[in-house]
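This report concerns only the one structure given below.
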Amino acid sequence: MNSLASFHSGIISFIYFIMIGRLQEPEVVPSGLSAQKMTDTRTKTPRAVPQPGSPEQQACNVCSDHMITVSWSEKAGWAAPELKPLTNISLSPAASVLHYATECFEGLKLYRGQDQKLRLFRPLLNCQRMLRSATRISLPAFEPVELLALIERLCAVDGPRWLPKDNTNGLLYVRPTLIGTEGGMGLKRPREALLYIIIVSYPNHNPIAQPTVDLTTQDKKFSLFASHDQAVRAWPGGSGYAKIGANYGPALHVQEEATRQGHDQVLWLFGPDSQVTEAGGANFFAVIRNFSGEIELITAPLDDKTILAGITRQSVLELADAYLTEGSEHELAPVTVAVRTLTMGEMILAYEQGRLLETFVVGTAYYITPVTEIDFRGRKIVPLQSTYARTLRNWIGGIQFGVEKHEWASIIKE
Ligand code: PLP
């Protein structure tokens, strides 16, 4: 894994750009959001930090001591950010977000590494994605680096007490959110908005410290429930690529059905040919031996804007390009990275012919999790192994938890 440390992401990003394209980034124009202008007021009554493994921590509903808020209006632009004790927010009952779902958000983990340092994983990518989401839902623009500076500040303030040094392998979850706050009926772009960042206590889970890293052990069951014809998460021309609440609420009833039937996540299909898009909160990969005997690592493309451009997905593609393709030195058989449409028909045929080697989901919440079964309208598809998934999980987990020094890990100064 030392070779990972010398990974030249510039070259790889270039290859990635050529091979599979990128979502067009909104133009970053000076917006006036400035982390430097932040005021800083600390709590005098620190809150109790949930114990690792406690029910409060499992519930993921306990916020840390502080939050950052920044209000915006069309007239005055971005106000000075405020770091302050956590408090409820007050909204007009006619606020745009409550009626027209003018909201977008991000989700990042703050990792306490095995070397006791606090890290974020490629957080600028989250901030850039949040700008794309904000633009899609008619909320104000900002410079991603300013949002990043705010996130890092909040992590530096609350990280040390909420994720102490002895809790190596522990996590906090960081949730930047942007909402339209202007009150009043009428379908229009909100002229007032609020950006805020909160941190939530999150259950400890370090996938590379789990016994599943041992390639001889069985994977934990993780089963996907393929969506039915009547439930479509996203469509070309829609908003599937944006991380906006309006994509998630309407999908909850299908997740409920999946849970009721004993599955872990929904596998979202699209179109009459059941194209495999992504899972509920994660991107999906399949490893298939094709008819020419090549092993393809397949994931859905971004160009029709139906799936979220996951940061873990991008990292998997970049690492696979660099280390798992023909010519790279690795003991696993080389793969061809294939960012292309995969249908359920192709996956079922590969399964029936013993060519469906692996399927796995990737995301901040799920890391890289081998899928042990897919339920497609009552039919069970069981991939054979999870070798590539485990290898990728070890690489990415190693960066996140400080086993591997890497430029993708951004260390928070305490
Ligand atoms: N797809 C959806 C719908 C998601 O909500 C997420 C999680 O944010 C992902 C994919 C994975 O994205 P990331 O790797 O950036 O966490």
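Here, A, B, ... name the chains of the structure tokens in the order displayed, residue numbers run from 1 inside each chain, and ligands are numbered from 1 in the same displayed order.
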
Can you tell me, as a PyMOL selection string, what residues are no more than 12 Å from Ala59 of chain A when counting only C-alpha atoms, ignoring any on the same chain fewer than 3 positions away?
chain A and resi 50+52-56+62-63+200-203

Find the residues of chain A that sit at most 9 Å from ligand 1; for each, write down the nearest two atoms and how far apart they are in Å, to one decimal. Count only C-alpha atoms and all ligand atoms. Sort by chain, then by number going up, and give it as CSV.
```
residue,atom,partner,partner_atom_place_in_ligand_line,distance
A:Glu106,CA,ligand 1,8 (O),7.1
A:Gly107,CA,ligand 1,8 (O),6.1
A:Leu108,CA,ligand 1,16 (O),7.2
A:Leu125,CA,ligand 1,15 (O),8.3
A:Asn126,CA,ligand 1,15 (O),6.9
A:Arg129,CA,ligand 1,15 (O),8.7
A:Gly240,CA,ligand 1,3 (C),7.6
A:Tyr241,CA,ligand 1,3 (C),8.1
A:Ala242,CA,ligand 1,3 (C),8.7
A:Lys243,CA,ligand 1,5 (O),6.8
A:Asn247,CA,ligand 1,3 (C),8.1
A:Tyr248,CA,ligand 1,3 (C),7.8
A:Glu278,CA,ligand 1,1 (N),6.2
A:Ala279,CA,ligand 1,1 (N),6.4
A:Gly280,CA,ligand 1,3 (C),5.3
A:Gly281,CA,ligand 1,4 (C),3.6
A:Ala282,CA,ligand 1,10 (C),3.5
A:Asn283,CA,ligand 1,10 (C),4.5
A:Phe284,CA,ligand 1,10 (C),8.2
A:Ile307,CA,ligand 1,1 (N),6.5
A:Leu308,CA,ligand 1,1 (N),4.7
A:Ala309,CA,ligand 1,12 (O),6.5
A:Gly310,CA,ligand 1,12 (O),3.4
A:Ile311,CA,ligand 1,15 (O),3.8
A:Thr312,CA,ligand 1,14 (O),3.7
A:Arg313,CA,ligand 1,14 (O),5.7
A:Gln314,CA,ligand 1,14 (O),7.7
A:Ser315,CA,ligand 1,14 (O),8.4
A:Val361,CA,ligand 1,11 (C),8.6
A:Val362,CA,ligand 1,14 (O),6.1
A:Gly363,CA,ligand 1,14 (O),3.5
A:Thr364,CA,ligand 1,16 (O),3.6
A:Ala365,CA,ligand 1,16 (O),6.3
A:Tyr366,CA,ligand 1,16 (O),8.0
A:Tyr367,CA,ligand 1,14 (O),7.8
```

Take the residues from that selection and put them in a file with N, CA and C atoms, as a short mmCIF file (atom, residue, chain, number, x, y, z; two decimals), in the first residue's frame.
```
data_model
loop_
_atom_site.label_atom_id
_atom_site.label_comp_id
_atom_site.auth_asym_id
_atom_site.auth_seq_id
_atom_site.Cartn_x
_atom_site.Cartn_y
_atom_site.Cartn_z
N GLU A 106 -25.30 18.12 2.77
CA GLU A 106 -24.15 17.24 2.54
C GLU A 106 -23.98 16.34 3.75
N GLY A 107 -23.18 15.31 3.59
CA GLY A 107 -22.91 14.39 4.69
C GLY A 107 -21.46 13.95 4.64
N LEU A 108 -20.72 14.26 5.70
CA LEU A 108 -19.32 13.86 5.77
C LEU A 108 -19.07 13.23 7.13
N LEU A 125 -14.64 18.09 -2.10
CA LEU A 125 -15.58 17.52 -3.08
C LEU A 125 -17.02 17.63 -2.57
N ASN A 126 -17.20 17.46 -1.26
CA ASN A 126 -18.55 17.64 -0.70
C ASN A 126 -19.02 19.08 -0.89
N ARG A 129 -19.95 19.69 -4.42
CA ARG A 129 -21.24 19.04 -4.73
C ARG A 129 -22.39 19.84 -4.12
N GLY A 240 -31.86 13.90 -9.72
CA GLY A 240 -31.21 12.77 -9.01
C GLY A 240 -29.77 13.04 -8.63
N TYR A 241 -29.08 13.87 -9.41
CA TYR A 241 -27.66 14.12 -9.17
C TYR A 241 -27.41 15.09 -8.01
N ALA A 242 -28.47 15.74 -7.55
CA ALA A 242 -28.30 16.75 -6.50
C ALA A 242 -28.64 16.14 -5.14
N LYS A 243 -27.95 16.61 -4.12
CA LYS A 243 -28.23 16.08 -2.78
C LYS A 243 -29.25 17.02 -2.14
N ASN A 247 -35.25 14.61 -3.06
CA ASN A 247 -35.00 13.30 -3.68
C ASN A 247 -35.21 12.16 -2.69
N TYR A 248 -35.16 12.47 -1.39
CA TYR A 248 -35.09 11.40 -0.39
C TYR A 248 -36.46 11.09 0.22
N GLU A 278 -28.49 3.23 -8.63
CA GLU A 278 -27.72 3.32 -7.37
C GLU A 278 -28.57 2.77 -6.25
N ALA A 279 -27.96 2.66 -5.07
CA ALA A 279 -28.73 2.19 -3.91
C ALA A 279 -29.24 3.41 -3.15
N GLY A 280 -30.03 3.18 -2.09
CA GLY A 280 -30.70 4.28 -1.39
C GLY A 280 -29.77 5.40 -0.97
N GLY A 281 -28.68 5.07 -0.31
CA GLY A 281 -27.75 6.10 0.15
C GLY A 281 -26.34 5.76 -0.26
N ALA A 282 -26.20 5.13 -1.40
CA ALA A 282 -24.86 4.67 -1.82
C ALA A 282 -24.87 4.40 -3.32
N ASN A 283 -23.71 4.45 -3.94
CA ASN A 283 -23.57 4.06 -5.36
C ASN A 283 -23.33 2.55 -5.45
N PHE A 284 -23.62 2.01 -6.62
CA PHE A 284 -23.59 0.55 -6.80
C PHE A 284 -22.52 0.15 -7.82
N ILE A 307 -28.02 9.90 -11.06
CA ILE A 307 -27.48 9.40 -9.79
C ILE A 307 -26.60 10.45 -9.13
N LEU A 308 -26.41 10.27 -7.83
CA LEU A 308 -25.53 11.18 -7.10
C LEU A 308 -24.08 10.84 -7.43
N ALA A 309 -23.29 11.87 -7.70
CA ALA A 309 -21.86 11.67 -7.97
C ALA A 309 -21.16 11.48 -6.63
N GLY A 310 -21.17 10.24 -6.15
CA GLY A 310 -20.63 9.94 -4.82
C GLY A 310 -19.13 10.18 -4.77
N ILE A 311 -18.68 10.66 -3.63
CA ILE A 311 -17.24 10.89 -3.46
C ILE A 311 -16.53 9.55 -3.28
N THR A 312 -17.20 8.61 -2.67
CA THR A 312 -16.61 7.28 -2.54
C THR A 312 -16.55 6.61 -3.92
N ARG A 313 -17.62 6.77 -4.71
CA ARG A 313 -17.63 6.23 -6.09
C ARG A 313 -16.44 6.76 -6.87
N GLN A 314 -16.26 8.08 -6.82
CA GLN A 314 -15.15 8.70 -7.56
C GLN A 314 -13.82 8.13 -7.06
N SER A 315 -13.70 7.95 -5.76
CA SER A 315 -12.44 7.45 -5.18
C SER A 315 -12.19 6.01 -5.61
N VAL A 361 -21.87 -1.85 -2.62
CA VAL A 361 -22.32 -0.45 -2.58
C VAL A 361 -21.23 0.37 -1.92
N VAL A 362 -21.16 1.65 -2.31
CA VAL A 362 -20.11 2.52 -1.77
C VAL A 362 -20.70 3.88 -1.40
N GLY A 363 -20.31 4.39 -0.25
CA GLY A 363 -20.79 5.70 0.17
C GLY A 363 -20.22 6.05 1.53
N THR A 364 -20.40 7.29 1.92
CA THR A 364 -19.87 7.73 3.22
C THR A 364 -20.47 6.90 4.36
N ALA A 365 -21.78 6.66 4.29
CA ALA A 365 -22.43 5.91 5.37
C ALA A 365 -22.05 4.43 5.34
N TYR A 366 -21.91 3.88 4.14
CA TYR A 366 -21.76 2.42 4.01
C TYR A 366 -20.33 1.96 3.72
N TYR A 367 -19.41 2.91 3.63
CA TYR A 367 -18.04 2.59 3.21
C TYR A 367 -18.14 1.82 1.89
#
```

Report as a PDB file with C-alpha atoms, in the first residue's frame all protein, DNA and RNA residues lying within 10 Å of Trp162 of chain A, evaluated on only C-alpha atoms, omitting residues in the same chain fewer than 4 positions from it.
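And here is the file that came out, out37.pdb:
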```
ATOM      1  CA  ARG A  47     -23.790  18.980  26.609  1.00  0.00           C
ATOM      2  CA  ALA A  48     -23.283  15.365  27.648  1.00  0.00           C
ATOM      3  CA  VAL A  49     -21.374  13.383  25.020  1.00  0.00           C
ATOM      4  CA  PRO A  50     -23.049   9.984  24.371  1.00  0.00           C
ATOM      5  CA  GLN A  51     -20.939   6.988  25.329  1.00  0.00           C
ATOM      6  CA  CYS A  63     -25.879  17.148  18.174  1.00  0.00           C
ATOM      7  CA  SER A  64     -22.556  18.486  19.414  1.00  0.00           C
ATOM      8  CA  ASP A  65     -22.180  21.687  21.460  1.00  0.00           C
ATOM      9  CA  CYS A 155     -14.758  20.181  13.538  1.00  0.00           C
ATOM     10  CA  VAL A 157     -14.000  23.295  17.980  1.00  0.00           C
ATOM     11  CA  ASP A 158     -16.213  20.280  18.774  1.00  0.00           C
ATOM     12  CA  ASN A 167     -11.786   6.896  20.922  1.00  0.00           C
ATOM     13  CA  GLY A 170     -14.696   6.710  16.392  1.00  0.00           C
ATOM     14  CA  LEU A 171     -16.745   8.994  14.130  1.00  0.00           C
ATOM     15  CA  LEU A 172     -18.824  12.130  14.062  1.00  0.00           C
ATOM     16  CA  ILE A 199     -22.322  17.753  13.937  1.00  0.00           C
ATOM     17  CA  VAL A 200     -24.078  14.607  15.163  1.00  0.00           C
ATOM     18  CA  SER A 201     -22.757  11.862  17.438  1.00  0.00           C
TER      19      SER A 201
END
```

10 Å contact set for segment 74-90 of chain A, only C-alpha atoms, chain neighbours under 3 positions out, as an MDAnalysis selection string
chainID A and resid 31:47 63:71 93 140:142 150 153:154 157 181 190:199

Just want the 6 Å neighbourhood of Glu103 of chain A, counted on only C-alpha atoms, with same-chain residues fewer than 4 positions away dropped. Output as a PyMOL selection string.
chain A and resi 178-179+244

Mind checking which residues fall within 9 Å of Thr372 of chain A, counting only C-alpha atoms, ignoring those fewer than 2 positions away in the same chain, and posting them as JSON, numbers by chain?
{"A": [219, 220, 221, 222, 223, 224, 358, 359, 360, 370, 374, 381, 382, 383, 384, 385, 386]}

Could you write out that same residue set with C-alpha atoms as a tab-separated table (two decimals), in the first residue's frame?
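Saved to result.tsv:
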```
chain	number	residue	atom	x	y	z
A	219	ASP	CA	-19.38	-11.12	4.80
A	220	LYS	CA	-22.13	-9.77	6.96
A	221	LYS	CA	-25.47	-10.15	5.20
A	222	PHE	CA	-26.27	-7.03	3.16
A	223	SER	CA	-29.20	-7.45	0.88
A	224	LEU	CA	-30.70	-5.10	-1.71
A	358	GLU	CA	-19.23	-9.33	-7.00
A	359	THR	CA	-21.62	-6.53	-6.29
A	360	PHE	CA	-21.03	-3.85	-3.69
A	370	PRO	CA	-20.26	-6.24	-0.30
A	374	ILE	CA	-30.23	-8.87	-4.54
A	381	ILE	CA	-29.23	-13.04	-7.15
A	382	VAL	CA	-26.22	-14.03	-5.09
A	383	PRO	CA	-22.79	-12.77	-6.18
A	384	LEU	CA	-19.87	-15.16	-5.75
A	385	GLN	CA	-17.22	-13.29	-3.77
A	386	SER	CA	-16.13	-9.87	-2.47
```
